[in-house]
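Engineer: input-v6.cif is reproduced in full below (mmCIF, C-alpha atoms).
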data_final
loop_
_atom_site.label_atom_id
_atom_site.label_comp_id
_atom_site.auth_asym_id
_atom_site.auth_seq_id
_atom_site.Cartn_x
_atom_site.Cartn_y
_atom_site.Cartn_z
CA MET G 13 35.99 0.14 -21.65
CA GLU G 14 32.73 -1.76 -21.36
CA LEU G 15 31.15 -3.82 -18.61
CA ARG G 16 31.93 -6.97 -20.56
CA HIS G 17 35.64 -6.25 -20.12
CA LEU G 18 35.15 -6.27 -16.35
CA ARG G 19 33.19 -9.52 -16.55
CA TYR G 20 35.87 -11.10 -18.73
CA PHE G 21 38.64 -10.02 -16.37
CA ARG G 22 36.73 -11.23 -13.32
CA ALA G 23 36.27 -14.68 -14.83
CA VAL G 24 39.96 -15.01 -15.73
CA ALA G 25 41.09 -13.64 -12.36
CA GLU G 26 38.84 -16.03 -10.44
CA GLU G 27 39.60 -19.08 -12.56
CA LEU G 28 43.30 -18.21 -13.10
CA HIS G 29 42.95 -20.14 -16.34
CA PHE G 30 41.93 -18.75 -19.73
CA GLY G 31 40.39 -22.01 -20.91
CA ARG G 32 38.13 -22.43 -17.90
CA ALA G 33 37.24 -18.73 -17.95
CA ALA G 34 36.26 -19.00 -21.63
CA GLN G 35 34.02 -21.97 -20.87
CA ARG G 36 32.42 -20.07 -17.99
CA LEU G 37 31.74 -17.11 -20.27
CA HIS G 38 30.62 -19.28 -23.20
CA ILE G 39 33.10 -17.68 -25.59
CA ALA G 40 36.20 -18.91 -27.40
CA GLN G 41 39.57 -18.58 -25.68
CA PRO G 42 41.43 -16.46 -28.30
CA PRO G 43 38.87 -13.59 -28.26
CA LEU G 44 38.94 -13.67 -24.46
CA SER G 45 42.72 -13.34 -24.37
CA GLN G 46 42.49 -10.50 -26.87
CA GLN G 47 39.89 -8.62 -24.82
CA ILE G 48 42.02 -8.88 -21.65
CA ARG G 49 44.99 -7.52 -23.62
CA HIS G 50 42.83 -4.61 -24.78
CA LEU G 51 41.80 -3.90 -21.20
CA GLU G 52 45.40 -3.88 -19.99
CA HIS G 53 46.39 -1.64 -22.87
CA GLU G 54 43.61 0.81 -22.05
CA LEU G 55 44.58 0.87 -18.37
CA GLY G 56 48.28 1.06 -19.15
CA VAL G 57 49.13 -1.66 -16.60
CA ASP G 58 49.56 -5.41 -16.54
CA LEU G 59 46.80 -7.11 -14.59
CA LEU G 60 47.99 -10.68 -15.13
CA ILE G 61 51.29 -12.54 -15.15
CA ARG G 62 51.07 -15.17 -17.87
CA THR G 63 53.29 -18.20 -18.25
CA THR G 64 52.84 -21.30 -20.34
CA ARG G 65 51.60 -23.13 -17.27
CA SER G 66 49.83 -20.57 -15.08
CA VAL G 67 48.07 -17.25 -14.77
CA GLU G 68 48.61 -15.02 -11.74
CA LEU G 69 47.36 -11.61 -10.70
CA THR G 70 49.73 -8.70 -10.41
CA ALA G 71 49.45 -6.37 -7.43
CA ALA G 72 47.48 -3.99 -9.66
CA GLY G 73 45.36 -6.91 -10.84
CA ARG G 74 44.40 -7.88 -7.29
CA VAL G 75 43.24 -4.34 -6.49
CA TYR G 76 41.47 -4.02 -9.83
CA LEU G 77 39.66 -7.32 -9.25
CA ARG G 78 38.22 -6.11 -5.94
CA ARG G 79 37.00 -2.89 -7.53
CA ALA G 80 35.67 -4.68 -10.61
CA ILE G 81 33.67 -7.11 -8.47
CA ALA G 82 32.17 -4.20 -6.52
CA VAL G 83 31.21 -2.41 -9.74
CA LEU G 84 29.69 -5.52 -11.31
CA ASP G 85 27.76 -6.39 -8.16
CA GLU G 86 26.42 -2.84 -8.01
CA VAL G 87 25.39 -2.98 -11.67
CA ASP G 88 23.67 -6.34 -11.15
CA ASP G 89 21.89 -5.03 -8.04
CA ALA G 90 20.73 -1.96 -9.97
CA ALA G 91 19.38 -4.16 -12.75
CA GLU G 92 17.49 -6.35 -10.27
CA GLN G 93 16.08 -3.30 -8.53
CA ALA G 94 14.93 -1.85 -11.85
CA ARG G 95 13.16 -5.12 -12.65
CA ARG G 96 11.48 -5.18 -9.23
CA ILE G 97 10.29 -1.59 -9.62
CA HIS G 98 9.01 -2.35 -13.12
CA ALA G 99 7.08 -5.31 -11.69
CA GLY G 100 5.67 -3.23 -8.83
CA GLN G 101 7.62 -5.20 -6.23
CA GLU G 102 9.63 -2.31 -4.82
CA GLY G 103 9.02 1.37 -4.16
CA ARG G 104 7.24 3.72 -1.82
CA LEU G 105 3.61 4.63 -1.45
CA THR G 106 1.30 6.32 1.01
CA ILE G 107 -2.19 5.02 1.77
CA GLY G 108 -4.93 7.23 3.18
CA CYS G 109 -7.80 5.61 5.02
CA VAL G 110 -11.24 6.66 6.21
CA GLY G 111 -11.84 6.34 9.95
CA SER G 112 -13.78 3.08 10.20
CA ALA G 113 -11.44 1.16 7.88
CA THR G 114 -8.42 2.45 9.80
CA TYR G 115 -9.14 -0.09 12.52
CA SER G 116 -9.92 -3.13 10.38
CA LEU G 117 -8.91 -3.12 6.72
CA LEU G 118 -5.80 -0.97 7.08
CA PRO G 119 -3.98 -3.33 9.48
CA GLN G 120 -4.87 -6.28 7.24
CA LEU G 121 -3.63 -4.45 4.17
CA VAL G 122 -0.32 -3.39 5.71
CA ARG G 123 0.35 -6.92 6.99
CA ALA G 124 -0.47 -8.41 3.59
CA LEU G 125 1.78 -5.93 1.80
CA ARG G 126 4.66 -6.68 4.15
CA GLU G 127 4.25 -10.38 3.39
CA THR G 128 3.74 -10.19 -0.37
CA LEU G 129 5.75 -7.05 -1.20
CA PRO G 130 8.47 -6.85 1.47
CA ARG G 131 10.52 -4.34 -0.51
CA VAL G 132 7.67 -1.82 -0.68
CA GLU G 133 7.89 0.96 1.89
CA VAL G 134 4.34 1.75 3.01
CA SER G 135 3.27 4.88 4.87
CA VAL G 136 -0.27 5.24 6.19
CA ARG G 137 -2.51 8.15 7.11
CA GLY G 138 -5.52 6.96 9.06
CA GLU G 139 -8.72 8.71 10.18
CA MET G 140 -8.87 10.87 7.04
CA LEU G 141 -12.24 12.21 5.94
CA ALA G 142 -13.09 11.66 2.27
CA PRO G 143 -12.66 15.31 1.15
CA ALA G 144 -9.22 15.46 2.78
CA GLN G 145 -8.24 12.21 1.08
CA LEU G 146 -9.29 13.47 -2.34
CA THR G 147 -7.28 16.66 -1.84
CA ALA G 148 -4.26 14.62 -0.75
CA LEU G 149 -4.71 12.27 -3.70
CA HIS G 150 -4.78 15.14 -6.18
CA SER G 151 -1.67 16.73 -4.65
CA GLY G 152 0.28 13.47 -4.56
CA ALA G 153 0.44 13.41 -0.75
CA ILE G 154 -1.17 9.96 -0.84
CA ASP G 155 -1.18 7.35 -3.61
CA VAL G 156 -4.19 5.23 -2.68
CA ALA G 157 -7.29 6.46 -0.85
CA LEU G 158 -9.65 4.13 1.02
CA LEU G 159 -12.85 6.11 1.39
CA ARG G 160 -16.63 6.15 1.14
CA PRO G 161 -18.72 7.20 -1.86
CA PRO G 162 -19.70 9.32 -3.59
CA VAL G 163 -16.49 10.18 -5.42
CA ASP G 164 -17.08 12.27 -8.51
CA HIS G 165 -13.81 14.05 -9.12
CA PRO G 166 -12.06 14.49 -12.46
CA GLY G 167 -8.73 12.72 -12.57
CA ILE G 168 -9.73 10.16 -9.92
CA ASP G 169 -10.53 6.50 -10.62
CA VAL G 170 -12.37 4.36 -8.08
CA GLU G 171 -13.02 0.68 -7.49
CA THR G 172 -15.47 -0.77 -4.98
CA ILE G 173 -13.61 -3.01 -2.54
CA ARG G 174 -16.49 -4.17 -0.34
CA ARG G 175 -19.78 -3.14 1.25
CA ASP G 176 -19.88 -2.61 5.02
CA PRO G 177 -23.13 -3.03 7.00
CA LEU G 178 -24.15 -0.29 9.44
CA LEU G 179 -24.16 -0.63 13.20
CA ALA G 180 -25.79 1.38 15.96
CA VAL G 181 -23.44 2.37 18.77
CA LEU G 182 -25.05 2.87 22.18
CA PRO G 183 -23.79 3.45 25.72
CA ALA G 184 -23.58 0.03 27.38
CA ASP G 185 -26.17 1.06 29.98
CA HIS G 186 -28.66 2.40 27.43
CA PRO G 187 -32.11 0.73 27.65
CA LEU G 188 -31.87 -0.34 24.00
CA ALA G 189 -28.46 -1.94 24.53
CA VAL G 190 -30.12 -5.15 25.74
CA ARG G 191 -31.55 -5.72 22.26
CA ASP G 192 -29.86 -7.96 19.68
CA THR G 193 -30.72 -5.73 16.72
CA LEU G 194 -32.20 -2.30 16.09
CA THR G 195 -33.84 -0.36 13.32
CA VAL G 196 -33.02 3.25 12.58
CA ALA G 197 -36.57 4.13 13.68
CA ASP G 198 -35.74 2.82 17.16
CA LEU G 199 -33.33 5.76 17.50
CA ARG G 200 -35.93 8.42 16.69
CA GLN G 201 -35.90 9.95 20.18
CA GLU G 202 -32.14 9.77 20.69
CA ALA G 203 -29.47 12.46 20.56
CA PHE G 204 -26.73 11.61 18.08
CA VAL G 205 -22.97 11.89 18.04
CA ALA G 206 -22.18 12.24 14.35
CA HIS G 207 -19.33 12.62 11.93
CA ALA G 208 -18.71 16.17 10.77
CA GLY G 209 -21.34 17.51 8.39
CA ASN G 210 -21.37 20.19 5.70
CA GLY G 211 -19.71 17.89 3.18
CA ARG G 212 -16.77 17.01 5.41
CA SER G 213 -17.80 13.40 6.03
CA VAL G 214 -19.79 10.96 3.91
CA MET G 215 -21.11 9.29 7.07
CA SER G 216 -22.90 12.50 8.02
CA SER G 217 -24.88 12.29 4.79
CA ILE G 218 -25.55 8.58 5.31
CA LEU G 219 -26.90 9.26 8.81
CA ALA G 220 -29.21 11.97 7.51
CA ALA G 221 -30.46 9.75 4.66
CA ALA G 222 -31.04 6.71 6.88
CA CYS G 223 -33.00 8.77 9.38
CA ALA G 224 -35.01 10.45 6.62
CA ASP G 225 -35.95 7.01 5.27
CA ALA G 226 -37.14 6.15 8.79
CA GLY G 227 -39.27 9.30 8.89
CA PHE G 228 -37.30 11.68 11.09
CA ALA G 229 -34.36 14.07 11.16
CA PRO G 230 -31.56 13.18 13.60
CA THR G 231 -30.89 15.43 16.57
CA VAL G 232 -27.12 15.87 16.39
CA ARG G 233 -25.62 17.05 19.67
CA HIS G 234 -21.94 16.55 18.87
CA GLU G 235 -19.97 16.45 15.63
CA VAL G 236 -16.49 14.91 15.39
CA THR G 237 -13.97 14.19 12.66
CA GLU G 238 -12.54 10.93 14.04
CA THR G 239 -14.41 7.68 14.53
CA SER G 240 -12.45 6.89 17.68
CA THR G 241 -13.62 10.17 19.22
CA LEU G 242 -17.19 9.48 18.13
CA VAL G 243 -17.26 6.10 19.89
CA THR G 244 -15.58 7.58 22.97
CA LEU G 245 -18.30 10.23 23.25
CA VAL G 246 -20.96 7.53 22.97
CA ALA G 247 -19.23 5.65 25.79
CA ALA G 248 -19.43 8.85 27.84
CA GLY G 249 -23.21 8.84 27.41
CA LEU G 250 -23.37 11.90 25.16
CA GLY G 251 -25.52 10.22 22.52
CA VAL G 252 -25.84 7.31 20.12
CA ALA G 253 -24.25 6.89 16.70
CA ILE G 254 -24.44 5.01 13.42
CA VAL G 255 -21.15 3.69 12.04
CA PRO G 256 -19.87 1.22 9.43
CA ALA G 257 -19.41 -2.27 10.87
CA PRO G 258 -15.57 -2.21 10.85
CA SER G 259 -15.74 0.47 13.56
CA ALA G 260 -16.55 -2.34 15.99
CA ALA G 261 -12.83 -3.11 15.93
CA LEU G 262 -12.60 -0.13 18.30
CA ASP G 263 -12.87 -2.04 21.57
CA ILE G 264 -13.80 0.91 23.78
CA ALA G 265 -15.27 0.10 27.18
CA GLY G 266 -18.79 1.32 27.82
CA VAL G 267 -20.36 0.87 24.39
CA ARG G 268 -22.47 -1.76 22.66
CA TYR G 269 -22.49 -2.27 18.90
CA LEU G 270 -25.80 -3.55 17.48
CA PRO G 271 -26.61 -4.56 13.89
CA LEU G 272 -29.09 -2.29 12.14
CA LEU G 273 -32.02 -3.75 10.25
CA PRO G 274 -32.72 -4.15 7.43
CA THR G 275 -29.34 -5.71 6.69
CA THR G 276 -29.35 -3.99 3.32
CA LEU G 277 -28.32 -0.82 5.14
CA GLY G 278 -24.67 -0.31 4.39
CA VAL G 279 -21.98 1.79 2.78
CA ASP G 280 -19.39 0.89 0.17
CA LEU G 281 -15.66 1.15 0.72
CA LEU G 282 -13.78 2.39 -2.33
CA ALA G 283 -10.16 2.42 -3.39
CA ALA G 284 -9.33 5.61 -5.29
CA THR G 285 -6.23 6.38 -7.35
CA ARG G 286 -5.14 9.19 -9.61
CA SER G 287 -5.80 8.87 -13.31
CA ALA G 288 -2.52 8.74 -15.21
CA GLY G 289 -4.07 10.22 -18.34
CA PRO G 290 -6.99 9.81 -20.75
CA GLY G 291 -8.22 6.26 -20.43
CA VAL G 292 -5.34 5.29 -18.13
CA SER G 293 -5.59 4.83 -14.37
CA GLU G 294 -2.66 5.09 -12.02
CA ALA G 295 -3.82 1.65 -10.92
CA ASP G 296 -2.03 0.62 -14.14
CA ASN G 297 1.16 1.62 -12.31
CA PRO G 298 2.53 -1.82 -11.35
CA LEU G 299 3.07 -0.94 -7.69
CA ILE G 300 -0.36 0.60 -7.19
CA GLY G 301 -1.90 -2.16 -9.26
CA ASN G 302 -0.35 -4.71 -6.89
CA VAL G 303 -1.83 -2.88 -3.90
CA ILE G 304 -5.29 -2.92 -5.49
CA SER G 305 -4.88 -6.65 -6.16
CA VAL G 306 -4.06 -7.25 -2.49
CA LEU G 307 -7.16 -5.26 -1.51
CA ARG G 308 -9.29 -7.39 -3.81
CA GLN G 309 -7.88 -10.57 -2.29
CA ILE G 310 -8.61 -9.37 1.24
CA ALA G 311 -12.21 -8.67 0.19
CA VAL G 312 -12.50 -12.15 -1.37
CA ASP G 313 -11.08 -13.80 1.75
CA GLU G 314 -13.55 -11.91 3.95
CA SER G 315 -16.54 -12.78 1.79
CA GLY G 316 -15.51 -16.43 1.58
#
Transcribe the structure of this file into structure tokens.
Structural biologist:
Amino acid sequence: MELRHLRYFRAVAEELHFGRAAQRLHIAQPPLSQQIRHLEHELGVDLLIRTTRSVELTAAGRVYLRRAIAVLDEVDDAAEQARRIHAGQEGRLTIGCVGSATYSLLPQLVRALRETLPRVEVSVRGEMLAPAQLTALHSGAIDVALLRPPVDHPGIDVETIRRDPLLAVLPADHPLAVRDTLTVADLRQEAFVAHAGNGRSVMSSILAAACADAGFAPTVRHEVTETSTLVTLVAAGLGVAIVPAPSAALDIAGVRYLPLLPTTLGVDLLAATRSAGPGVSEADNPLIGNVISVLRQIAVDESG
């Protein structure tokens, strides 16, 4: 028995007329009648009552029709699902995200994916430091990592999504908070709340480099792993901080975000994926490729 036998029987059973069923199936009537006979012979039961004027279903035929329709619908659904998966329109994936982008890009991305790829089940892991994301990417715990450079790991491919300016974060009652802009040198005498150092956070290295360019080493009083905690400690008056601009989406009372000059100060946001093999990125996976395309479009919309 083949699926075509079920399709033939369904057409005859629904039309109750061999001629109309043959037209519906785009085949000649004699081969159709022969195939239904073969099906009945294989089953060992009559499915149809045939007269010169009519075709009716037997009791067995009525039950078989219901089951045949269910099977055919399931097969058709499976075929459609396979096509959607092949096109990257259905599946599951987990996105990891560095702290600052957790509050800005990640919500945009998830909303866009729900609109454009409604059959994709998305899980997110926010406030992940870059080293933790790379480990999770290698292990398969996440499929796409949104993180800061540098990323120099074998088996990982990266694409720059956008460049984020840097902001100074000050307690709202800080004397410098009345300014419209600041330079890094303006923070020379300040105590800093910083992202975790010793290679755990890229922002720690960026802070050190920016201060070195301004001629001083930062006095770090507190180190944290989450951007939300960092801004909260600034609000408590425990120091100042330097963060990527998207962190300003954290609307925490008691802080002031100020642009840092020169405006060339900034940090890239990257999308990282596993390499699927020599010369092949997992971004070539249709689903992950679609996610990267959505990220690119968000970046274009923001820049435009």
Engineer: I'd like the neighbourhood of region 264-270 of chain G as a ChimeraX atom specification, where a residue qualifies if any of its atoms comes within 10 Å (using all atoms listed in the file), though same-chain residues fewer than 4 positions away should be ignored.
Structural biologist: /G:178-186,188-195,240,243-249,252-255,257,259-260
Engineer: Restrict the selected residues to C-alpha atoms and save them as a PDB file, in the coordinates of the input.
Structural biologist:
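Saved as out_29.pdb:
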ATOM      1  CA  LEU G 178     -24.150  -0.290   9.440  1.00  0.00           C
ATOM      2  CA  LEU G 179     -24.160  -0.630  13.200  1.00  0.00           C
ATOM      3  CA  ALA G 180     -25.790   1.380  15.960  1.00  0.00           C
ATOM      4  CA  VAL G 181     -23.440   2.370  18.770  1.00  0.00           C
ATOM      5  CA  LEU G 182     -25.050   2.870  22.180  1.00  0.00           C
ATOM      6  CA  PRO G 183     -23.790   3.450  25.720  1.00  0.00           C
ATOM      7  CA  ALA G 184     -23.580   0.030  27.380  1.00  0.00           C
ATOM      8  CA  ASP G 185     -26.170   1.060  29.980  1.00  0.00           C
ATOM      9  CA  HIS G 186     -28.660   2.400  27.430  1.00  0.00           C
ATOM     10  CA  LEU G 188     -31.870  -0.340  24.000  1.00  0.00           C
ATOM     11  CA  ALA G 189     -28.460  -1.940  24.530  1.00  0.00           C
ATOM     12  CA  VAL G 190     -30.120  -5.150  25.740  1.00  0.00           C
ATOM     13  CA  ARG G 191     -31.550  -5.720  22.260  1.00  0.00           C
ATOM     14  CA  ASP G 192     -29.860  -7.960  19.680  1.00  0.00           C
ATOM     15  CA  THR G 193     -30.720  -5.730  16.720  1.00  0.00           C
ATOM     16  CA  LEU G 194     -32.200  -2.300  16.090  1.00  0.00           C
ATOM     17  CA  THR G 195     -33.840  -0.360  13.320  1.00  0.00           C
ATOM     18  CA  SER G 240     -12.450   6.890  17.680  1.00  0.00           C
ATOM     19  CA  VAL G 243     -17.260   6.100  19.890  1.00  0.00           C
ATOM     20  CA  THR G 244     -15.580   7.580  22.970  1.00  0.00           C
ATOM     21  CA  LEU G 245     -18.300  10.230  23.250  1.00  0.00           C
ATOM     22  CA  VAL G 246     -20.960   7.530  22.970  1.00  0.00           C
ATOM     23  CA  ALA G 247     -19.230   5.650  25.790  1.00  0.00           C
ATOM     24  CA  ALA G 248     -19.430   8.850  27.840  1.00  0.00           C
ATOM     25  CA  GLY G 249     -23.210   8.840  27.410  1.00  0.00           C
ATOM     26  CA  VAL G 252     -25.840   7.310  20.120  1.00  0.00           C
ATOM     27  CA  ALA G 253     -24.250   6.890  16.700  1.00  0.00           C
ATOM     28  CA  ILE G 254     -24.440   5.010  13.420  1.00  0.00           C
ATOM     29  CA  VAL G 255     -21.150   3.690  12.040  1.00  0.00           C
ATOM     30  CA  ALA G 257     -19.410  -2.270  10.870  1.00  0.00           C
ATOM     31  CA  SER G 259     -15.740   0.470  13.560  1.00  0.00           C
ATOM     32  CA  ALA G 260     -16.550  -2.340  15.990  1.00  0.00           C
TER      33      ALA G 260
END
Engineer: Where does the PyMOL selection byres ((chain G and resi 305) around 12) land in this file, that is, which residues does it pick, as a count of residues only?
Structural biologist: 26
Engineer: At a cut-off of 9 Å, using all atoms listed in the file, what residues contact Leu149 (chain G)? Leave out same-chain residues fewer than 5 positions from it and give the result as a PyMOL selection string.
Structural biologist: chain G and resi 108+144+154-157+168+284-286
Engineer: For a quick check of understanding, using only C-alpha atoms, which of G:Gly167, G:Thr241, G:Pro271, G:Leu250 has the smallest distance to Phe204 (chain G)?
Structural biologist: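 Going through G:Gly167, G:Thr241, G:Pro271, G:Leu250 one by one, the smallest distance to Phe204 (chain G) is for G:Leu250.
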Engineer: Go through G:Ser287, G:Leu18, G:Ala261, G:Leu118 one by one, measure the shortest atom-to-atom distance of each to His165 (chain G) using all atoms listed in the file, and give the residue with the smallest value.
Structural biologist: G:Ser287
Engineer: Can you pull out every residue within 8 Å of Pro258 (chain G), counting all atoms listed in the file, but drop anything in the same chain fewer than 2 positions away, and send it as a list in words?
Structural biologist: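 Result of the neighbour search: Ser112, Ala113, Tyr115, Ser116, Leu117, Asp176, Pro256, Ala260 and Ala261 of chain G.
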Engineer: Give me a file of those residues, with C-alpha atoms, as an mmCIF file, in the frame of the given file.
Structural biologist:
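Writing the result to out05.cif gives the following:
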data_model
loop_
_atom_site.group_PDB
_atom_site.id
_atom_site.type_symbol
_atom_site.label_atom_id
_atom_site.label_comp_id
_atom_site.auth_asym_id
_atom_site.auth_seq_id
_atom_site.Cartn_x
_atom_site.Cartn_y
_atom_site.Cartn_z
ATOM 1 C CA SER G 112 -13.780 3.080 10.200
ATOM 2 C CA ALA G 113 -11.440 1.160 7.880
ATOM 3 C CA TYR G 115 -9.140 -0.090 12.520
ATOM 4 C CA SER G 116 -9.920 -3.130 10.380
ATOM 5 C CA LEU G 117 -8.910 -3.120 6.720
ATOM 6 C CA ASP G 176 -19.880 -2.610 5.020
ATOM 7 C CA PRO G 256 -19.870 1.220 9.430
ATOM 8 C CA ALA G 260 -16.550 -2.340 15.990
ATOM 9 C CA ALA G 261 -12.830 -3.110 15.930
#
Engineer: Taking the file above as input, evaluate the PyMOL selection byres ((chain G and resi 60) around 10) and report the hits as a tab-separated table (two decimals) with C-alpha atoms, in the frame of the given file.
Structural biologist:
chain	number	residue	atom	x	y	z
G	21	PHE	CA	38.64	-10.02	-16.37
G	24	VAL	CA	39.96	-15.01	-15.73
G	25	ALA	CA	41.09	-13.64	-12.36
G	28	LEU	CA	43.30	-18.21	-13.10
G	48	ILE	CA	42.02	-8.88	-21.65
G	49	ARG	CA	44.99	-7.52	-23.62
G	52	GLU	CA	45.40	-3.88	-19.99
G	57	VAL	CA	49.13	-1.66	-16.60
G	58	ASP	CA	49.56	-5.41	-16.54
G	59	LEU	CA	46.80	-7.11	-14.59
G	61	ILE	CA	51.29	-12.54	-15.15
G	62	ARG	CA	51.07	-15.17	-17.87
G	63	THR	CA	53.29	-18.20	-18.25
G	67	VAL	CA	48.07	-17.25	-14.77
G	68	GLU	CA	48.61	-15.02	-11.74
G	69	LEU	CA	47.36	-11.61	-10.70
G	70	THR	CA	49.73	-8.70	-10.41
G	71	ALA	CA	49.45	-6.37	-7.43
G	72	ALA	CA	47.48	-3.99	-9.66
G	73	GLY	CA	45.36	-6.91	-10.84
G	74	ARG	CA	44.40	-7.88	-7.29
